[in-house]
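See below for the structure under consideration.
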Amino acid sequence: MRLSIDHVTGFRYASPVRASYNEARMTPISTPSQVVWTSRLTITPPAWRTSYTDYWGTPVTCFEVHEPHDRLEIESRALVETRPVHDDWDVERRVPADDLGWADLHGTAVLDELSEYLLTTERTAPHEELAELAAGLTDRPPRLAALDVCALVHDRMAYEVGATGVTSTAAEAWVGGRGVCQDFSHVTCGALRWLGIPARYVSGYLHPSGPDAVRGDTVEGESHSWVEFWCGSWQTYDPTAMRLVDESYVRIGHGRDYSDVSPLRGTYAGGDSKMFVKVTITALS
């Protein structure tokens, strides 16, 4: 699919602020499954800015505004071509011959290379009930155990906007039984890491109509998150929708949890603020 993405976000301030300092992670990256043809980040009011790639491999734009302003707006526009997925290992529950078994997965080579994706963070630490349920899945290969962890989370939790906040933890979301994609990803990552399966939180966009999107129609999209787990290779999966990540997904970056890849964060000198977000996506071909 060729997708045009327009992501507008920022803050409205109750009174003019004197200065603000921010980081934006809103630029898609080229990977084996997607190619970024164009991308542009516009900041209003005009700001001093610089860019770098962070420790996790995500493009970051740092910027500062040193004049009074009552609104800060960041717009990311990108044209991305994604490639279809021709694999149904999850439906067939097929395990490739070169997948790692539990012994190799828990070996020193994986521990040394991927230790950062095995440590539970405050946001991802699993609830005791989920940890116990996940522990019962180790009688099958790691790939299938990871798939069944996603199913545990998907079946237990309901998607509900407003049920949780941006700082909610995986344990809180599990107990509440509801949340948004961020919560599904945090809960899943925590359970996978509890089993010793390296897992990372992925941030990006999702076209709500999937690969069957009507070409030329602009629709309200969404920032989205999903997970990747390591079983000899990285496998992407969306526990919120309980499906493989396909060509309707666009990747921004990954990390240990949301705090590593939040689209916009920063600080400012002034009064109260209110954040706004709007994402629109057009499938062009």
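A note on labels: chains of the structure tokens are A, B, ... as shown, every chain counts residues from 1, and ligands are counted from 1 in their shown order.
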**OP:** Run DSSP on the backbone of this structure and report the residues of stretch 76-234 of chain A it assigns to alpha helix (DSSP H), as number ranges by chain.
**Re:** A: 89-92, 102-105, 108-114, 128-135, 142-156, 170-176, 181-194
**OP:** Please provide as a PyMOL selection string all residues within 12 Å of A:Asp87, with the sequence filter that same-chain residues fewer than 4 positions apart are discarded (counting only C-alpha atoms).
**Re:** chain A and resi 91-96+235-236+243-246
**OP:** Can you work out which one of A:His186, A:Arg123, A:His224, A:Arg143 has the shortest atom-to-atom distance to A:Arg251, counting only C-alpha atoms?
**Re:** A:His224
Original post:
Separation of atom CA of A:Tyr201 and atom CA of A:Thr188, in Å?
Top reply: 9.2 Å
**OP:** Name the residues in contact with A:Phe184 at a cut-off of 12 Å, using only C-alpha atoms, excluding same-chain residues fewer than 4 positions from it; report them as a ChimeraX atom specification.
**Re:** /A:123-124,126,149-160,164,168-174,176-180,188-191,201-202,224-227,237-242,257-258
File dump, residues just selected, N, CA and C atoms, as a compact mmCIF listing (two decimals), in the first residue's frame:
```
# COMPACT_ATOMS: atom_id res chain seq x y z
N ARG A 123 6.25 0.41 33.64
CA ARG A 123 5.05 0.40 32.81
C ARG A 123 4.64 -1.01 32.38
N THR A 124 5.59 -1.95 32.29
CA THR A 124 5.30 -3.26 31.70
C THR A 124 5.25 -4.41 32.69
N PRO A 126 4.26 -7.34 34.76
CA PRO A 126 2.96 -8.03 34.66
C PRO A 126 2.30 -8.24 36.03
N VAL A 149 0.26 -15.75 24.45
CA VAL A 149 0.25 -14.61 25.38
C VAL A 149 -0.58 -13.48 24.78
N CYS A 150 -0.37 -13.20 23.49
CA CYS A 150 -1.16 -12.17 22.83
C CYS A 150 -2.65 -12.50 22.93
N ALA A 151 -3.00 -13.79 22.77
CA ALA A 151 -4.40 -14.20 22.86
C ALA A 151 -4.94 -14.01 24.27
N LEU A 152 -4.12 -14.31 25.28
CA LEU A 152 -4.54 -14.10 26.67
C LEU A 152 -4.92 -12.63 26.89
N VAL A 153 -4.06 -11.75 26.43
CA VAL A 153 -4.30 -10.31 26.62
C VAL A 153 -5.51 -9.86 25.83
N HIS A 154 -5.59 -10.29 24.57
CA HIS A 154 -6.71 -9.89 23.71
C HIS A 154 -8.05 -10.36 24.28
N ASP A 155 -8.08 -11.58 24.79
CA ASP A 155 -9.33 -12.14 25.30
C ASP A 155 -9.75 -11.53 26.64
N ARG A 156 -8.77 -11.13 27.44
CA ARG A 156 -9.08 -10.59 28.77
C ARG A 156 -9.48 -9.11 28.72
N MET A 157 -8.85 -8.36 27.83
CA MET A 157 -9.02 -6.91 27.84
C MET A 157 -9.93 -6.42 26.72
N ALA A 158 -10.70 -5.39 27.03
CA ALA A 158 -11.55 -4.74 26.04
C ALA A 158 -10.94 -3.40 25.66
N TYR A 159 -11.07 -3.05 24.38
CA TYR A 159 -10.55 -1.76 23.92
C TYR A 159 -11.54 -0.67 24.30
N GLU A 160 -11.07 0.29 25.09
CA GLU A 160 -11.95 1.38 25.52
C GLU A 160 -11.15 2.65 25.72
N THR A 164 -8.01 4.23 30.59
CA THR A 164 -6.70 4.35 31.21
C THR A 164 -6.09 5.69 30.81
N SER A 168 -0.71 4.96 32.86
CA SER A 168 -1.20 3.70 33.43
C SER A 168 -0.19 2.58 33.20
N THR A 169 -0.13 1.66 34.15
CA THR A 169 0.79 0.54 34.05
C THR A 169 0.08 -0.70 33.50
N ALA A 170 0.89 -1.68 33.11
CA ALA A 170 0.33 -2.93 32.60
C ALA A 170 -0.51 -3.63 33.66
N ALA A 171 -0.02 -3.64 34.88
CA ALA A 171 -0.77 -4.31 35.95
C ALA A 171 -2.12 -3.64 36.18
N GLU A 172 -2.16 -2.31 36.14
CA GLU A 172 -3.42 -1.59 36.32
C GLU A 172 -4.39 -1.88 35.18
N ALA A 173 -3.88 -1.92 33.95
CA ALA A 173 -4.74 -2.20 32.81
C ALA A 173 -5.28 -3.63 32.86
N TRP A 174 -4.45 -4.56 33.29
CA TRP A 174 -4.89 -5.96 33.39
C TRP A 174 -6.00 -6.10 34.43
N GLY A 176 -8.04 -3.77 35.47
CA GLY A 176 -9.22 -3.07 34.97
C GLY A 176 -9.89 -3.77 33.81
N GLY A 177 -9.12 -4.57 33.07
CA GLY A 177 -9.67 -5.34 31.96
C GLY A 177 -10.00 -4.53 30.73
N ARG A 178 -9.44 -3.33 30.63
CA ARG A 178 -9.73 -2.49 29.46
C ARG A 178 -8.61 -1.47 29.29
N GLY A 179 -8.53 -0.93 28.08
CA GLY A 179 -7.50 0.05 27.79
C GLY A 179 -7.41 0.30 26.30
N VAL A 180 -6.35 0.97 25.89
CA VAL A 180 -6.11 1.26 24.47
C VAL A 180 -4.88 0.48 24.02
N THR A 188 1.30 -7.08 27.10
CA THR A 188 1.88 -8.19 26.35
C THR A 188 3.39 -8.24 26.51
N CYS A 189 4.05 -7.08 26.38
CA CYS A 189 5.51 -7.05 26.54
C CYS A 189 5.93 -7.57 27.91
N GLY A 190 5.21 -7.16 28.95
CA GLY A 190 5.57 -7.59 30.29
C GLY A 190 5.45 -9.09 30.47
N ALA A 191 4.38 -9.69 29.94
CA ALA A 191 4.19 -11.13 30.05
C ALA A 191 5.24 -11.90 29.25
N TYR A 201 8.31 -2.71 22.41
CA TYR A 201 7.11 -1.91 22.16
C TYR A 201 7.35 -1.14 20.86
N VAL A 202 6.41 -1.23 19.92
CA VAL A 202 6.55 -0.57 18.62
C VAL A 202 5.48 0.51 18.48
N HIS A 224 -0.72 4.23 16.72
CA HIS A 224 -0.98 2.87 17.16
C HIS A 224 0.30 2.27 17.73
N SER A 225 0.14 1.20 18.48
CA SER A 225 1.30 0.46 18.98
C SER A 225 1.03 -1.03 18.88
N TRP A 226 2.11 -1.77 18.77
CA TRP A 226 2.02 -3.23 18.73
C TRP A 226 3.32 -3.77 19.33
N VAL A 227 3.56 -5.06 19.22
CA VAL A 227 4.75 -5.64 19.85
C VAL A 227 5.57 -6.41 18.83
N TYR A 237 3.51 -8.48 15.96
CA TYR A 237 2.13 -8.93 16.18
C TYR A 237 1.37 -7.83 16.91
N ASP A 238 0.08 -7.73 16.60
CA ASP A 238 -0.77 -6.71 17.20
C ASP A 238 -1.75 -7.39 18.16
N PRO A 239 -1.50 -7.35 19.47
CA PRO A 239 -2.41 -8.00 20.41
C PRO A 239 -3.75 -7.28 20.54
N THR A 240 -3.80 -6.00 20.19
CA THR A 240 -5.07 -5.28 20.25
C THR A 240 -6.06 -5.85 19.25
N ALA A 241 -5.60 -6.10 18.03
CA ALA A 241 -6.47 -6.65 16.97
C ALA A 241 -6.32 -8.15 16.83
N MET A 242 -5.33 -8.73 17.53
CA MET A 242 -5.02 -10.16 17.45
C MET A 242 -4.79 -10.59 16.00
N ASP A 257 9.20 0.58 26.18
CA ASP A 257 7.79 0.88 26.43
C ASP A 257 7.48 2.24 25.80
N TYR A 258 6.28 2.74 26.09
CA TYR A 258 5.82 3.98 25.46
C TYR A 258 6.77 5.15 25.71
```
Can you list every residue of stretch 181-259 of chain A that has an atom at most 12 Å from stretch 71-81 of chain A, with its nearest atom pair and the distance in Å to one decimal, using only C-alpha atoms, ordered by chain then number, as a Markdown table?
```
| residue | atom | partner | partner_atom | distance |
| --- | --- | --- | --- | --- |
| A:Gly204 | CA | A:Val80 | CA | 11.9 |
| A:Tyr205 | CA | A:Val80 | CA | 11.0 |
| A:Asp246 | CA | A:Glu81 | CA | 12.0 |
| A:Glu247 | CA | A:Glu81 | CA | 8.4 |
| A:Ser248 | CA | A:Glu81 | CA | 9.8 |
| A:Tyr249 | CA | A:Val80 | CA | 10.1 |
| A:Val250 | CA | A:Val80 | CA | 7.6 |
| A:Arg251 | CA | A:Val80 | CA | 9.7 |
| A:Ile252 | CA | A:Ala78 | CA | 11.1 |
```
Please report, as a Markdown table, each residue of stretch 253-275 of chain A lying at most 10 Å from stretch 10-15 of chain A, together with the nearest pair of atoms and the separation in Å rounded to one decimal; use only C-alpha atoms, and order rows by chain and ascending residue number.
```
| residue | atom | partner | partner_atom | distance |
| --- | --- | --- | --- | --- |
| A:Leu264 | CA | A:Gly10 | CA | 7.8 |
| A:Arg265 | CA | A:Gly10 | CA | 9.5 |
| A:Gly270 | CA | A:Ser15 | CA | 7.2 |
| A:Gly271 | CA | A:Ala14 | CA | 6.2 |
| A:Asp272 | CA | A:Ala14 | CA | 5.4 |
| A:Ser273 | CA | A:Tyr13 | CA | 4.4 |
| A:Lys274 | CA | A:Arg12 | CA | 5.2 |
| A:Met275 | CA | A:Phe11 | CA | 4.4 |
```
**OP:** Determine, counting only C-alpha atoms, which protein, DNA and RNA residues have an atom within 6 Å of an atom of A:Val17; residues of the same chain fewer than 4 positions away are not included. Present the result as a ChimeraX atom specification.
**Re:** /A:68-69,269-270
Subject >> A:Pro208 environment, 9 Å, only C-alpha atoms, sequence neighbours closer than 4 positions dropped, as a VMD selection string >> reply: chain A and resid 213 219 to 222 248
Write out as a Markdown table the residues of stretch 190-277 of chain A that have any atom within 9 Å of an atom of stretch 48-66 of chain A, one row each with the nearest atom pair and its distance in Å to one decimal, counting only C-alpha atoms, sorted by chain and then rising number.
```
| residue | atom | partner | partner_atom | distance |
| --- | --- | --- | --- | --- |
| A:Ile252 | CA | A:Thr58 | CA | 6.9 |
| A:Gly253 | CA | A:Thr58 | CA | 4.9 |
| A:His254 | CA | A:Trp56 | CA | 6.6 |
| A:Gly255 | CA | A:Trp56 | CA | 6.0 |
| A:Arg256 | CA | A:Trp56 | CA | 9.0 |
| A:Asp260 | CA | A:Trp56 | CA | 8.1 |
| A:Val261 | CA | A:Thr58 | CA | 7.7 |
```
